[in-house]
Structure formats: C-alpha cells, structure tokens
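One file, run_33.txt, carrying compact mmCIF, C-alpha atoms:
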# COMPACT_ATOMS: atom_id res chain seq x y z
CA MET A 24 0.00 0.00 0.00
CA TYR A 25 1.40 3.32 1.00
CA LYS A 26 4.17 1.73 3.08
CA ARG A 27 6.59 2.02 0.18
CA MET A 28 6.18 5.78 0.15
CA LYS A 29 6.65 6.05 3.89
CA ARG A 30 9.75 3.90 3.72
CA ALA A 31 11.22 6.10 1.00
CA ALA A 32 10.60 9.21 3.08
CA ALA A 33 12.15 7.55 6.12
CA VAL A 34 15.25 6.58 4.14
CA LEU A 35 15.70 10.14 2.87
CA LEU A 36 15.33 11.51 6.38
CA ALA A 37 17.81 8.97 7.76
CA LEU A 38 20.34 9.86 5.08
CA ALA A 39 19.96 13.54 5.83
CA CYS A 40 20.58 12.89 9.52
CA LEU A 41 23.61 10.74 8.74
CA LEU A 42 25.13 13.43 6.55
CA ALA A 43 24.60 16.01 9.26
CA LEU A 44 26.28 13.79 11.86
CA THR A 45 29.30 13.19 9.63
CA GLY A 46 29.81 16.87 8.98
CA CYS A 47 28.27 17.03 5.52
CA SER A 48 26.04 20.00 4.98
CA SER A 49 23.89 18.74 2.17
CA LEU A 50 22.05 15.88 0.52
CA GLY A 51 22.27 16.54 -3.19
CA GLY A 52 23.44 20.10 -2.52
CA SER A 53 21.16 21.21 0.35
CA SER A 54 20.26 19.89 3.79
CA GLU A 55 17.14 22.06 3.95
CA THR A 56 13.69 20.72 3.29
CA GLU A 57 12.25 21.63 -0.08
CA SER A 58 9.47 24.21 -0.07
CA VAL A 59 6.51 22.88 -2.00
CA ARG A 60 3.24 24.59 -2.86
CA LEU A 61 0.37 22.33 -3.89
CA MET A 62 -3.01 23.57 -5.04
CA VAL A 63 -5.61 20.87 -4.39
CA TRP A 64 -9.23 20.88 -5.60
CA SER A 65 -12.13 18.77 -4.39
CA PRO A 66 -15.91 19.02 -4.02
CA SER A 67 -17.00 21.36 -1.24
CA GLU A 68 -18.39 18.45 0.81
CA ASP A 69 -14.87 17.05 1.18
CA GLN A 70 -13.71 20.29 2.79
CA SER A 71 -16.64 21.27 4.98
CA GLN A 72 -16.50 21.04 8.75
CA ASP A 73 -19.89 19.30 8.75
CA SER A 74 -18.33 16.45 6.75
CA GLY A 75 -15.15 16.24 8.81
CA GLN A 76 -12.83 18.12 6.42
CA TRP A 77 -11.67 14.98 4.67
CA LEU A 78 -9.35 16.74 2.26
CA GLN A 79 -7.58 18.90 4.83
CA THR A 80 -7.15 15.95 7.17
CA CYS A 81 -5.61 13.77 4.46
CA CYS A 82 -3.30 16.52 3.24
CA GLU A 83 -2.07 17.21 6.77
CA ASN A 84 -1.41 13.50 7.27
CA PHE A 85 0.45 13.40 3.97
CA ALA A 86 2.66 16.32 5.01
CA ALA A 87 3.52 14.53 8.26
CA LEU A 88 4.60 11.48 6.24
CA HIS A 89 6.92 13.63 4.13
CA PRO A 90 9.27 15.70 6.33
CA GLU A 91 11.53 16.17 3.31
CA TRP A 92 8.98 18.68 2.02
CA ASP A 93 7.75 21.88 3.62
CA ILE A 94 4.31 21.85 2.01
CA THR A 95 1.92 24.74 1.68
CA PHE A 96 -1.53 23.54 0.64
CA VAL A 97 -3.90 25.83 -1.24
CA TYR A 98 -7.43 24.44 -1.32
CA GLY A 99 -10.01 25.14 -4.00
CA VAL A 100 -13.53 23.90 -4.70
CA ALA A 101 -14.27 22.02 -7.92
CA ASP A 102 -16.53 18.99 -8.19
CA GLU A 103 -15.64 15.92 -10.21
CA ALA A 104 -17.87 16.91 -13.11
CA THR A 105 -16.46 20.40 -13.70
CA ALA A 106 -12.79 20.17 -12.68
CA ALA A 107 -11.74 18.70 -16.02
CA ASP A 108 -13.08 21.59 -18.09
CA THR A 109 -11.28 24.12 -15.91
CA VAL A 110 -8.00 22.22 -16.01
CA ALA A 111 -8.22 21.75 -19.78
CA GLN A 112 -8.95 25.44 -20.41
CA ASP A 113 -6.00 26.77 -18.40
CA PRO A 114 -3.73 24.03 -17.00
CA GLU A 115 -1.01 26.36 -15.75
CA ALA A 116 -3.47 28.27 -13.55
CA SER A 117 -5.26 25.16 -12.31
CA ALA A 118 -4.74 22.80 -9.39
CA ASP A 119 -1.79 20.46 -9.13
CA VAL A 120 -4.06 17.70 -7.80
CA PHE A 121 -7.79 17.41 -8.35
CA MET A 122 -10.69 14.97 -8.39
CA TYR A 123 -12.53 14.12 -11.60
CA ALA A 124 -15.01 11.73 -13.20
CA ASN A 125 -13.37 9.33 -15.63
CA ASP A 126 -15.59 10.22 -18.59
CA ASN A 127 -13.74 13.56 -18.72
CA ILE A 128 -10.36 12.02 -19.50
CA THR A 129 -10.35 12.97 -23.17
CA THR A 130 -11.19 16.59 -22.34
CA MET A 131 -7.92 16.84 -20.43
CA THR A 132 -5.72 14.60 -22.56
CA ASP A 133 -6.72 16.53 -25.68
CA ALA A 134 -5.42 19.62 -23.89
CA GLN A 135 -2.28 17.75 -22.74
CA ALA A 136 -3.23 18.70 -19.19
CA LEU A 137 -3.43 15.31 -17.45
CA ALA A 138 -0.35 13.48 -16.17
CA LYS A 139 0.23 9.79 -16.84
CA PHE A 140 1.07 7.41 -14.00
CA GLY A 141 3.93 5.03 -14.72
CA GLY A 142 6.70 3.07 -13.04
CA ILE A 143 6.36 2.35 -9.32
CA TYR A 144 3.35 4.65 -9.12
CA GLU A 145 1.42 2.64 -11.69
CA GLU A 146 2.43 -0.55 -9.91
CA GLU A 147 1.12 0.84 -6.63
CA ILE A 148 -2.24 1.74 -8.20
CA ARG A 149 -2.59 -1.60 -10.00
CA SER A 150 -1.78 -3.58 -6.86
CA SER A 151 -4.88 -2.34 -5.06
CA ASN A 152 -7.56 -1.97 -7.76
CA SER A 153 -9.45 -4.27 -10.10
CA ASP A 154 -8.61 -4.44 -13.81
CA ALA A 155 -12.14 -3.37 -14.73
CA LEU A 156 -11.81 -0.25 -12.61
CA LEU A 157 -8.41 0.61 -14.06
CA ASP A 158 -9.81 0.19 -17.56
CA SER A 159 -12.04 3.17 -16.82
CA LEU A 160 -8.93 5.34 -16.36
CA THR A 161 -6.82 3.97 -19.19
CA LEU A 162 -6.54 5.59 -22.61
CA ASP A 163 -4.21 4.45 -25.39
CA GLY A 164 -2.46 2.20 -22.88
CA TYR A 165 -1.72 4.92 -20.34
CA LEU A 166 -3.13 5.19 -16.82
CA TYR A 167 -4.39 8.68 -15.98
CA GLY A 168 -5.58 8.67 -12.39
CA VAL A 169 -5.87 7.06 -8.98
CA PRO A 170 -9.40 5.68 -8.50
CA TYR A 171 -11.15 6.26 -5.19
CA THR A 172 -14.69 5.06 -5.93
CA THR A 173 -16.76 3.46 -8.66
CA ASN A 174 -19.32 5.75 -10.23
CA THR A 175 -22.66 4.30 -11.20
CA TRP A 176 -26.28 4.10 -10.08
CA PHE A 177 -28.41 1.35 -8.61
CA LEU A 178 -31.71 0.67 -6.87
CA TYR A 179 -32.82 1.92 -3.45
CA TYR A 180 -36.00 0.35 -2.14
CA ASP A 181 -38.22 0.07 0.91
CA LYS A 182 -37.80 -3.41 2.39
CA SER A 183 -41.24 -3.21 3.99
CA VAL A 184 -42.73 -3.13 0.47
CA PHE A 185 -40.38 -5.22 -1.66
CA SER A 186 -38.53 -8.46 -0.95
CA GLU A 187 -35.05 -9.31 -2.19
CA GLU A 188 -36.72 -11.52 -4.78
CA ASP A 189 -39.07 -8.74 -5.93
CA VAL A 190 -36.26 -6.31 -6.71
CA LYS A 191 -34.71 -8.67 -9.23
CA SER A 192 -37.55 -7.77 -11.63
CA LEU A 193 -38.93 -4.34 -12.44
CA ASP A 194 -42.21 -5.91 -13.50
CA ALA A 195 -42.56 -7.70 -10.15
CA MET A 196 -41.89 -4.44 -8.34
CA LEU A 197 -44.53 -2.57 -10.34
CA GLU A 198 -47.13 -5.10 -9.20
CA LYS A 199 -46.45 -4.35 -5.52
CA GLY A 200 -45.47 -0.68 -5.22
CA VAL A 201 -44.63 2.61 -6.89
CA VAL A 202 -41.25 2.89 -8.59
CA SER A 203 -39.65 6.19 -9.58
CA PHE A 204 -37.08 6.43 -12.38
CA PRO A 205 -35.15 9.38 -13.91
CA PHE A 206 -36.86 8.82 -17.25
CA THR A 207 -35.79 12.10 -18.85
CA ASN A 208 -32.17 11.83 -17.68
CA SER A 209 -29.92 10.51 -20.45
CA TRP A 210 -27.50 8.93 -17.97
CA TYR A 211 -30.29 6.53 -16.92
CA LEU A 212 -32.68 5.91 -19.84
CA PRO A 213 -30.15 4.01 -22.04
CA ALA A 214 -30.29 1.18 -19.48
CA PHE A 215 -33.32 -0.23 -21.29
CA TYR A 216 -31.88 0.11 -24.80
CA ILE A 217 -28.52 -1.42 -23.84
CA GLY A 218 -30.44 -4.26 -22.19
CA ASN A 219 -31.90 -5.21 -25.56
CA GLY A 220 -28.61 -5.25 -27.42
CA CYS A 221 -28.12 -1.63 -28.46
CA THR A 222 -24.48 -0.57 -28.50
CA LEU A 223 -22.33 2.54 -28.29
CA PHE A 224 -19.07 2.64 -30.24
CA GLY A 225 -18.66 -1.12 -30.42
CA ASP A 226 -16.98 -2.12 -27.19
CA GLY A 227 -17.14 1.51 -26.04
CA THR A 228 -13.76 2.51 -27.45
CA GLN A 229 -14.35 2.05 -31.20
CA GLU A 230 -15.51 5.51 -32.12
CA GLU A 231 -15.55 4.66 -35.83
CA LEU A 232 -18.41 2.16 -35.25
CA GLY A 233 -20.75 4.84 -33.95
CA VAL A 234 -23.96 4.26 -32.00
CA ASP A 235 -26.49 1.52 -32.78
CA PHE A 236 -29.70 2.72 -31.14
CA GLY A 237 -31.88 2.66 -34.25
CA GLY A 238 -32.58 -0.95 -35.20
CA GLU A 239 -35.64 -3.08 -34.56
CA ASN A 240 -34.34 -3.95 -31.08
CA ALA A 241 -34.27 -0.24 -30.25
CA VAL A 242 -37.77 0.28 -31.61
CA GLU A 243 -38.97 -2.56 -29.37
CA VAL A 244 -37.56 -0.71 -26.36
CA THR A 245 -39.20 2.57 -27.35
CA ASN A 246 -42.56 0.80 -27.56
CA TYR A 247 -41.91 -0.83 -24.19
CA LEU A 248 -41.14 2.56 -22.63
CA ILE A 249 -44.36 4.04 -24.01
CA ASP A 250 -46.28 1.35 -22.15
CA LEU A 251 -44.08 1.62 -19.07
CA ILE A 252 -44.75 5.30 -18.54
CA ALA A 253 -48.48 4.63 -18.77
CA ASN A 254 -48.27 2.28 -15.78
CA PRO A 255 -49.75 4.07 -12.75
CA ASN A 256 -47.12 2.47 -10.50
CA PHE A 257 -44.28 3.98 -12.55
CA VAL A 258 -43.48 7.67 -12.06
CA VAL A 259 -40.85 9.97 -13.54
CA ASP A 260 -38.19 11.13 -11.10
CA ALA A 261 -37.28 14.73 -11.90
CA ASP A 262 -36.09 17.68 -9.80
CA GLY A 263 -35.99 15.61 -6.62
CA SER A 264 -39.53 14.28 -6.88
CA GLY A 265 -38.41 10.70 -6.32
CA MET A 266 -36.78 11.51 -3.01
CA ALA A 267 -39.77 13.60 -1.99
CA GLY A 268 -42.07 10.69 -2.76
CA LEU A 269 -39.87 8.32 -0.80
CA ARG A 270 -40.13 10.71 2.12
CA ASP A 271 -43.92 11.04 2.07
CA GLY A 272 -44.46 7.34 1.35
CA SER A 273 -46.00 7.74 -2.11
CA ILE A 274 -42.95 6.09 -3.72
CA SER A 275 -41.24 2.90 -2.57
CA ALA A 276 -38.20 2.67 -4.84
CA ILE A 277 -35.85 5.06 -6.63
CA PHE A 278 -32.78 4.73 -8.83
CA SER A 279 -29.79 6.79 -7.73
CA GLY A 280 -26.25 6.40 -6.41
CA SER A 281 -24.16 6.47 -3.27
CA TRP A 282 -24.38 10.28 -3.14
CA ASP A 283 -27.99 9.93 -1.98
CA TYR A 284 -27.30 7.28 0.65
CA ASP A 285 -27.51 9.59 3.67
CA SER A 286 -30.85 11.02 2.54
CA VAL A 287 -32.34 7.59 1.81
CA LYS A 288 -31.06 6.22 5.13
CA GLU A 289 -32.67 9.13 6.98
CA ILE A 290 -36.00 8.40 5.29
CA LEU A 291 -36.12 4.59 5.34
CA GLY A 292 -33.98 3.76 8.35
CA ASP A 293 -33.87 0.01 8.93
CA ASN A 294 -36.12 -0.53 5.90
CA LEU A 295 -33.42 0.71 3.52
CA GLY A 296 -32.64 -1.81 0.83
CA ALA A 297 -30.20 -1.50 -2.05
CA ALA A 298 -29.63 -3.73 -5.06
CA ALA A 299 -28.13 -3.92 -8.52
CA LEU A 300 -30.35 -3.17 -11.50
CA PRO A 301 -33.39 -5.40 -12.12
CA THR A 302 -34.50 -7.10 -15.30
CA TYR A 303 -37.51 -6.05 -17.35
CA GLU A 304 -39.79 -8.16 -19.52
CA LEU A 305 -39.80 -7.36 -23.24
CA ASN A 306 -41.91 -9.42 -25.63
CA GLY A 307 -42.05 -12.27 -23.13
CA GLU A 308 -38.28 -12.32 -22.48
CA GLU A 309 -36.33 -11.11 -19.47
CA LYS A 310 -33.87 -8.36 -20.35
CA GLN A 311 -31.22 -7.03 -17.99
CA MET A 312 -31.04 -3.27 -17.43
CA TYR A 313 -27.51 -1.91 -17.70
CA ALA A 314 -26.24 1.29 -16.11
CA TYR A 315 -23.38 3.38 -17.34
CA ALA A 316 -20.43 2.86 -15.01
CA GLY A 317 -17.14 4.55 -14.49
CA SER A 318 -14.98 5.84 -11.71
CA LYS A 319 -13.98 8.93 -9.84
CA ALA A 320 -10.28 9.52 -9.54
CA ILE A 321 -7.53 11.80 -8.34
CA GLY A 322 -5.67 13.36 -11.23
CA VAL A 323 -2.44 15.32 -11.50
CA ASN A 324 -1.92 18.38 -13.65
CA ALA A 325 0.71 17.68 -16.30
CA HIS A 326 1.98 21.24 -15.79
CA SER A 327 2.55 20.95 -12.03
CA GLU A 328 5.75 22.63 -10.85
CA TYR A 329 6.09 20.02 -8.09
CA MET A 330 5.37 16.85 -10.03
CA VAL A 331 6.83 14.27 -7.62
CA ALA A 332 5.00 15.72 -4.62
CA ALA A 333 1.79 16.06 -6.64
CA VAL A 334 1.91 12.45 -7.85
CA GLU A 335 2.65 11.10 -4.38
CA LEU A 336 -0.20 13.16 -2.91
CA ALA A 337 -2.57 11.74 -5.53
CA ILE A 338 -1.43 8.21 -4.68
CA TYR A 339 -2.00 8.91 -1.00
CA LEU A 340 -5.47 10.44 -1.47
CA GLY A 341 -6.47 7.23 -3.27
CA SER A 342 -4.90 4.95 -0.66
CA ALA A 343 -6.75 2.56 1.64
CA GLU A 344 -6.21 4.94 4.55
CA CYS A 345 -7.87 7.89 2.80
CA GLN A 346 -10.64 5.79 1.25
CA GLN A 347 -11.49 4.44 4.70
CA LEU A 348 -11.75 7.98 6.05
CA HIS A 349 -13.85 9.00 3.04
CA TYR A 350 -16.21 6.13 3.77
CA ASP A 351 -16.38 6.94 7.49
CA LEU A 352 -17.03 10.65 6.99
CA ARG A 353 -19.14 10.77 3.84
CA SER A 354 -20.14 7.18 2.96
CA VAL A 355 -18.06 7.35 -0.24
CA ILE A 356 -17.91 3.73 -1.40
CA PRO A 357 -14.30 2.48 -1.45
CA CYS A 358 -12.81 0.60 -4.39
CA ASN A 359 -9.49 -0.41 -2.84
CA THR A 360 -9.38 -4.21 -2.95
CA GLU A 361 -7.93 -4.42 0.55
CA LEU A 362 -10.80 -2.42 2.04
CA LEU A 363 -13.41 -4.40 0.14
CA GLU A 364 -12.32 -7.49 2.07
CA GLN A 365 -13.20 -5.93 5.43
CA GLU A 366 -16.30 -7.37 7.08
CA GLU A 367 -17.87 -3.98 7.84
CA ILE A 368 -17.65 -2.92 4.22
CA GLN A 369 -18.64 -6.30 2.83
CA ASN A 370 -21.85 -6.20 4.89
CA ASP A 371 -22.85 -2.68 3.83
CA PRO A 372 -25.86 -3.06 1.48
CA VAL A 373 -24.97 0.07 -0.48
CA VAL A 374 -21.40 -1.15 -1.05
CA ILE A 375 -22.80 -4.48 -2.21
CA ALA A 376 -25.31 -2.81 -4.52
CA GLN A 377 -22.83 -0.42 -6.10
CA ASN A 378 -20.14 -3.03 -6.62
CA ASP A 379 -22.62 -5.64 -7.86
CA THR A 380 -23.93 -3.09 -10.35
CA PHE A 381 -20.41 -2.23 -11.50
CA ASP A 382 -19.46 -5.90 -11.87
CA ARG A 383 -22.67 -7.36 -13.24
CA THR A 384 -25.34 -4.88 -14.43
CA SER A 385 -23.37 -2.09 -16.07
CA ILE A 386 -21.22 -1.25 -19.06
CA LEU A 387 -18.20 1.01 -18.96
CA GLN A 388 -19.41 4.42 -20.06
CA PRO A 389 -17.61 5.32 -23.30
CA PHE A 390 -15.35 8.36 -23.05
CA VAL A 391 -14.67 8.77 -26.75
CA SER A 392 -15.28 12.35 -27.83
CA GLN A 393 -18.39 11.48 -29.88
CA MET A 394 -20.12 10.34 -26.69
CA GLY A 395 -20.92 14.00 -26.15
CA ASN A 396 -23.40 13.77 -29.03
CA CYS A 397 -25.45 11.09 -27.28
CA TRP A 398 -26.85 12.91 -24.25
CA THR A 399 -29.35 15.35 -25.74
CA PRO A 400 -31.07 12.96 -28.22
CA VAL A 401 -31.74 10.42 -25.47
CA GLU A 402 -32.99 13.11 -23.12
CA ASN A 403 -35.31 14.37 -25.86
CA MET A 404 -36.65 10.86 -26.41
CA GLY A 405 -37.47 10.51 -22.72
CA LYS A 406 -39.26 13.86 -22.73
CA ALA A 407 -41.15 13.03 -25.92
CA ILE A 408 -42.41 9.73 -24.47
CA ARG A 409 -43.37 11.47 -21.23
CA ASN A 410 -45.34 14.23 -22.95
CA GLY A 411 -47.00 11.86 -25.40
CA SER A 412 -45.49 13.13 -28.65
CA THR A 413 -43.75 9.79 -29.19
CA THR A 414 -46.41 7.10 -29.57
CA HIS A 415 -46.71 3.57 -30.84
CA ASP A 416 -47.68 5.03 -34.24
CA ASN A 417 -44.41 6.92 -34.66
CA ALA A 418 -42.09 4.93 -32.38
CA GLU A 419 -39.98 3.61 -35.24
CA GLU A 420 -39.62 7.02 -36.86
CA GLN A 421 -38.70 8.68 -33.56
CA THR A 422 -36.20 5.93 -32.66
CA VAL A 423 -34.42 6.22 -35.99
CA ALA A 424 -34.29 10.00 -35.55
CA MET A 425 -32.77 9.60 -32.09
CA ASN A 426 -30.11 7.27 -33.48
CA GLU A 427 -29.27 9.64 -36.31
CA ALA A 428 -28.87 12.51 -33.86
CA MET A 429 -26.61 10.40 -31.60
CA ASN A 430 -24.38 9.74 -34.61
CA SER A 431 -24.32 13.34 -35.77
CA ASP A 432 -21.90 16.09 -34.85
CA GLY A 433 -24.58 18.70 -35.57
CA ILE A 434 -23.04 19.71 -38.88
CA SER A 435 -25.20 19.08 -41.92

Starting from the coordinates I provided, produce the structure as structure tokens.
Amino acid sequence: MYKRMKRAAAVLLALACLLALTGCSSLGGSSETESVRLMVWSPSEDQSQDSGQWLQTCCENFAALHPEWDITFVYGVADEATAADTVAQDPEASADVFMYANDNITTMTDAQALAKFGGIYEEEIRSSNSDALLDSLTLDGYLYGVPYTTNTWFLYYDKSVFSEEDVKSLDAMLEKGVVSFPFTNSWYLPAFYIGNGCTLFGDGTQEELGVDFGGENAVEVTNYLIDLIANPNFVVDADGSGMAGLRDGSISAIFSGSWDYDSVKEILGDNLGAAALPTYELNGEEKQMYAYAGSKAIGVNAHSEYMVAAVELAIYLGSAECQQLHYDLRSVIPCNTELLEQEEIQNDPVVIAQNDTFDRTSILQPFVSQMGNCWTPVENMGKAIRNGSTTHDNAEEQTVAMNEAMNSDGIS
C-alpha cells in the first residue's frame, strides 16, 4: 500500500541525519527541506466542517509522512464533473491535484493537461484496484488517475414493500409498489436500450463504429417505454420528486447512487434496501437493465511545478487509509481491494449494490469524444415519451431520428 512511500521518506530523512552527523552539509546540494506549494481541488463536501474536512485531514497527514517537504496547501472547490473543463482550459493556472469523473479524461488529454502514471506509481495503483476499474482510467495504454470510488447508479428500495426476490424484476416491483425512475435523464434511460442489445461505439472505445440505437431492437424498447410510462405504478423522477415521494411514502423505490445514501437512510432507516439493477420483460423475455459505469479519480496536472509531490499526494489520497476515512465521513464507497475485504464494508448493502452493479449490471461508459453527441437525443426521447409526442404510431420514426442525432456532430 502506502508503506513504500513512507519507507522512501524515512530513508531520505535517515540519510539527511547521517550526513549532518558526519559533517556534511547537504544531501544533493542542500540539507534544507524543499518548499513545495500544492493547489488541491475537491468538491465542497470534502472540505466542509460538517463532513469532517476529509481533504484537509488527508493533506495534513500526507505532510507529516513527508518531512523532506515543507508543504503549503492551497485548497479550492471544484466537483468531479467540472474540474476537467477548468483544467483543460487553463492548465497552468489550475490545481496540481484534483478529483474528476473518468468520462472527462479525453477533455484533459486533448489539452495535454493530465499526467500519466507510470513506473512504481502505476504498480502501486494496480496492486490495489481491479482491472475493470483501471480500464475506466486507461486511454491508449496509459493510466491517468488514482481511482477512489466506482461511479454508477443502482436501486434503493423500501424493504417493507419489496422483498429481495421482488427487486430482481422491475415488473414484479410494479405489481407491488410505486417505482420512480429518472426517465428524462440521459444517464439513466439508455439502461433499457442497452439491455436489448443496443451498443455505443462497439466495445465503447471504437468511435468509428458509432452508435447503434436505431434498429428493430431499439424500436422494441421505445414501444416498451411508451407502455411503461403509462403504468400508474411507474413515475418519472425529476427535480428531486423521487426523493420527496420516498419521504412522504407515495414512492417505494428510486434509482440513484451512493451520493444519496444519507438522505435515503434518513427516510427509510432500517427498511433501507439497495440492489443492482433489475430485469424487465420485453416481448415475453427477461432483459437485464444496464447502467453506465465509471470511476472517480484523483488526477495530477501535467503542468505541475512540483510533479513528484503532486503524484505522491494523488497516490495517497487514493490509498486505503484515505478511502477508509472518506467512507467513514461521507459514505463514499471504497474501491481499494484491501478495504473491500473488510467485514464492515462487505456487509454494507450500499457497497454491495454499487459493486454488484459495477461488476454485473453495467457497461463502462464510453469516453470517446463522440459520446458527447449522445446525451441530448436520449434526453429528448425521454421527454417526448413522457409528454405523449412519441407514440406507438411513430415509435420507429422517432427511434431512428434519435439514433441519427446520436451519430451526428450537428453539422449538416
């Protein structure tokens, strides 16, 4: 784990002391500690006193582990979704170390703003993470971050309404209670299309193959969704309505992620259940819903003035020690393989649900540049089905149009 880094620091300190005792005044020219200034960005929740100041605590611990550096930390707020754009636009004025969602890799690599991890650092990362997780941070054979959590969505449900058997099937759930789904959110709606064999960029990396959301299998899904939204036990989750319904008891299941765990736990208490995605029945056959999945990671600015310190800080922030603290303070689901073997974490239903989703009921979200063309057409399809402008009469036409838009760059 991080022991290698601590040992290296201890060796450097011991050498410095030895040189001082033998009358030498320097180690490589100077016996003084190196002054280092590191700008570090994270979401505001990781820095707030209410959430235990995770980032500040970890950085202070890191500084204590590295007496060879006199570190000044400068903290800034940037969430995982927006940090990449800022870094790509002006790398030299951006943070040395920051947190980002893996689907933004190409934004930063295109700007030559994201550092690659190699050598002993890559070995350290690979020793404590699954291959599937590392695939989400690998581009053209290079590793671009230190993962600290998987990033996907799953099912929360009220155990007083649904059994563990019920939640394996969306249709079974709809017979017993009200289910809310982010129908007009294009991060969620593709789950049904992917479940019936629709594909994005081949295996997700073959941009030249484009999107296949327009065939007969896609039309079948559109027709299924038209019927689904007409079911009185199925409601659209938008602008927090799902959580509100869970709170007032009008809804018994929602689809979301670990970021909503605290709110769901407050509402459901001991009745909180969590599970991977269910199946749905299409033309008499069971089809598995598939979520987009990825990771959140700590990245390093390729233009950092203090590259070694920045890389080692990133490694530390993604270590078992920091992931454990993240989990304790904010319920951020760890991905470190060592932590996942701990009994407390193995028995956490949300950890089980998120990791089961990542492993079994998800696909790696493509981060090819053309993926950016896919969000709006799918969102528009969800809205059109919701408002009734997409019907069984025009389902094929509307599905083909969605597919054409997903494969278009907007230039005619």

Within 8 Å of Tyr247 (chain A), counting all atoms listed in the file, which residues show up once you throw out same-chain ones fewer than 4 positions away? Write them as a PDB file with C-alpha atoms, in the frame of the given file, please.
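Contents of out-v5.pdb, freshly written:
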ATOM      1  CA  GLU A 243     -38.970  -2.560 -29.370  1.00  0.00           C
ATOM      2  CA  LEU A 251     -44.080   1.620 -19.070  1.00  0.00           C
ATOM      3  CA  LEU A 305     -39.800  -7.360 -23.240  1.00  0.00           C
TER       4      LEU A 305
END

Practice item. Identify which of the residues A:Ala337, A:Met425, A:Val287, A:Ala214 lies closest to Asp181 (chain A), counting only C-alpha atoms when measuring atom-to-atom distances. Key: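 Ranked by minimum distance to Asp181 (chain A), first place goes to A:Val287.
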
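Between CA of Thr80 (chain A) and CA of Met131 (chain A) lies a distance of 27.6 Å.
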
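Distance check against Asn426 (chain A) using only C-alpha atoms: of A:Asn403, A:Ser385, A:Ser327, A:Gln79, the minimum falls on A:Asn403.
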
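If you measure from each of A:Val244, A:Val184, A:Val423, A:Ile356 to Leu291 (chain A) using all atoms listed in the file, the closest one turns out to be A:Val184.
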
**Study point:** Spatial neighbours of Glu309 (chain A), max dist 9 Å, only C-alpha atoms, sep filter under 6 positions, as a list of chain:residue names
**Key:**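 Residues near the query, excluding close chain neighbours: A:Ser192, A:Thr302, A:Tyr303.
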
Check your understanding: Quick one, how far is CA of Leu387 (chain A) from CA of Gly164 (chain A)?
Key ->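 Separating CA of Leu387 (chain A) from CA of Gly164 (chain A) is a distance of 16.3 Å.
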
Practice item. Please return, as a PyMOL selection string, all polymer residues that have at least one atom within 9 Å of the point (-31.9, -7.0, -30.1); use all atoms listed in the file and the file's own coordinate frame. Key: chain A and resi 216+218-221+238-241+243

Point to revise | Between CA of Ser281 (chain A) and CA of Lys310 (chain A), distance in Å (one decimal) | key: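 Straight-line distance from CA of Ser281 (chain A) to CA of Lys310 (chain A) works out to 24.6 Å.
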
Exercise for review: Go through A:Leu160, A:Glu361, A:Tyr165, A:Tyr179 and flag the residue nearest Gly142 (chain A), using all atoms listed in the file for the distances.
Suggested key: A:Tyr165

Exercise for review: Name the residues in contact with Glu420 (chain A) at a cut-off of 12 Å, using all atoms listed in the file, excluding same-chain residues fewer than 4 positions from it; report them as a VMD selection string.
Suggested key: chain A and resid 237 to 239 241 to 242 245 to 246 404 412 to 416 424 to 427

Point to revise | Residue neighbourhood Asn430 (chain A), 8 Å, only C-alpha atoms, exclusion window fewer than 6 positions, as a ChimeraX atom specification | key: /A:233-234,393,396-397

Point to revise | Selected residue of minimal separation from Leu362 (chain A) among A:Ala267, A:Trp210, A:Ala138, A:Thr172, counting all atoms listed in the file | key: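 Smallest separation from Leu362 (chain A) among the options: A:Thr172.
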
**Study point:** Contacts of Val190 (chain A) at 8 Å (only C-alpha atoms; same-chain gap of 4+ positions) as a PyMOL selection string
**Key:** chain A and resi 185-186+195-196+298+301

Point to revise | Shortest interatomic distance to Val258 (chain A) - which of A:Asn306, A:Arg409, A:Glu146, A:Ala124, counting all atoms listed in the file | key: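 Closest to Val258 (chain A), using all atoms listed in the file: A:Arg409.
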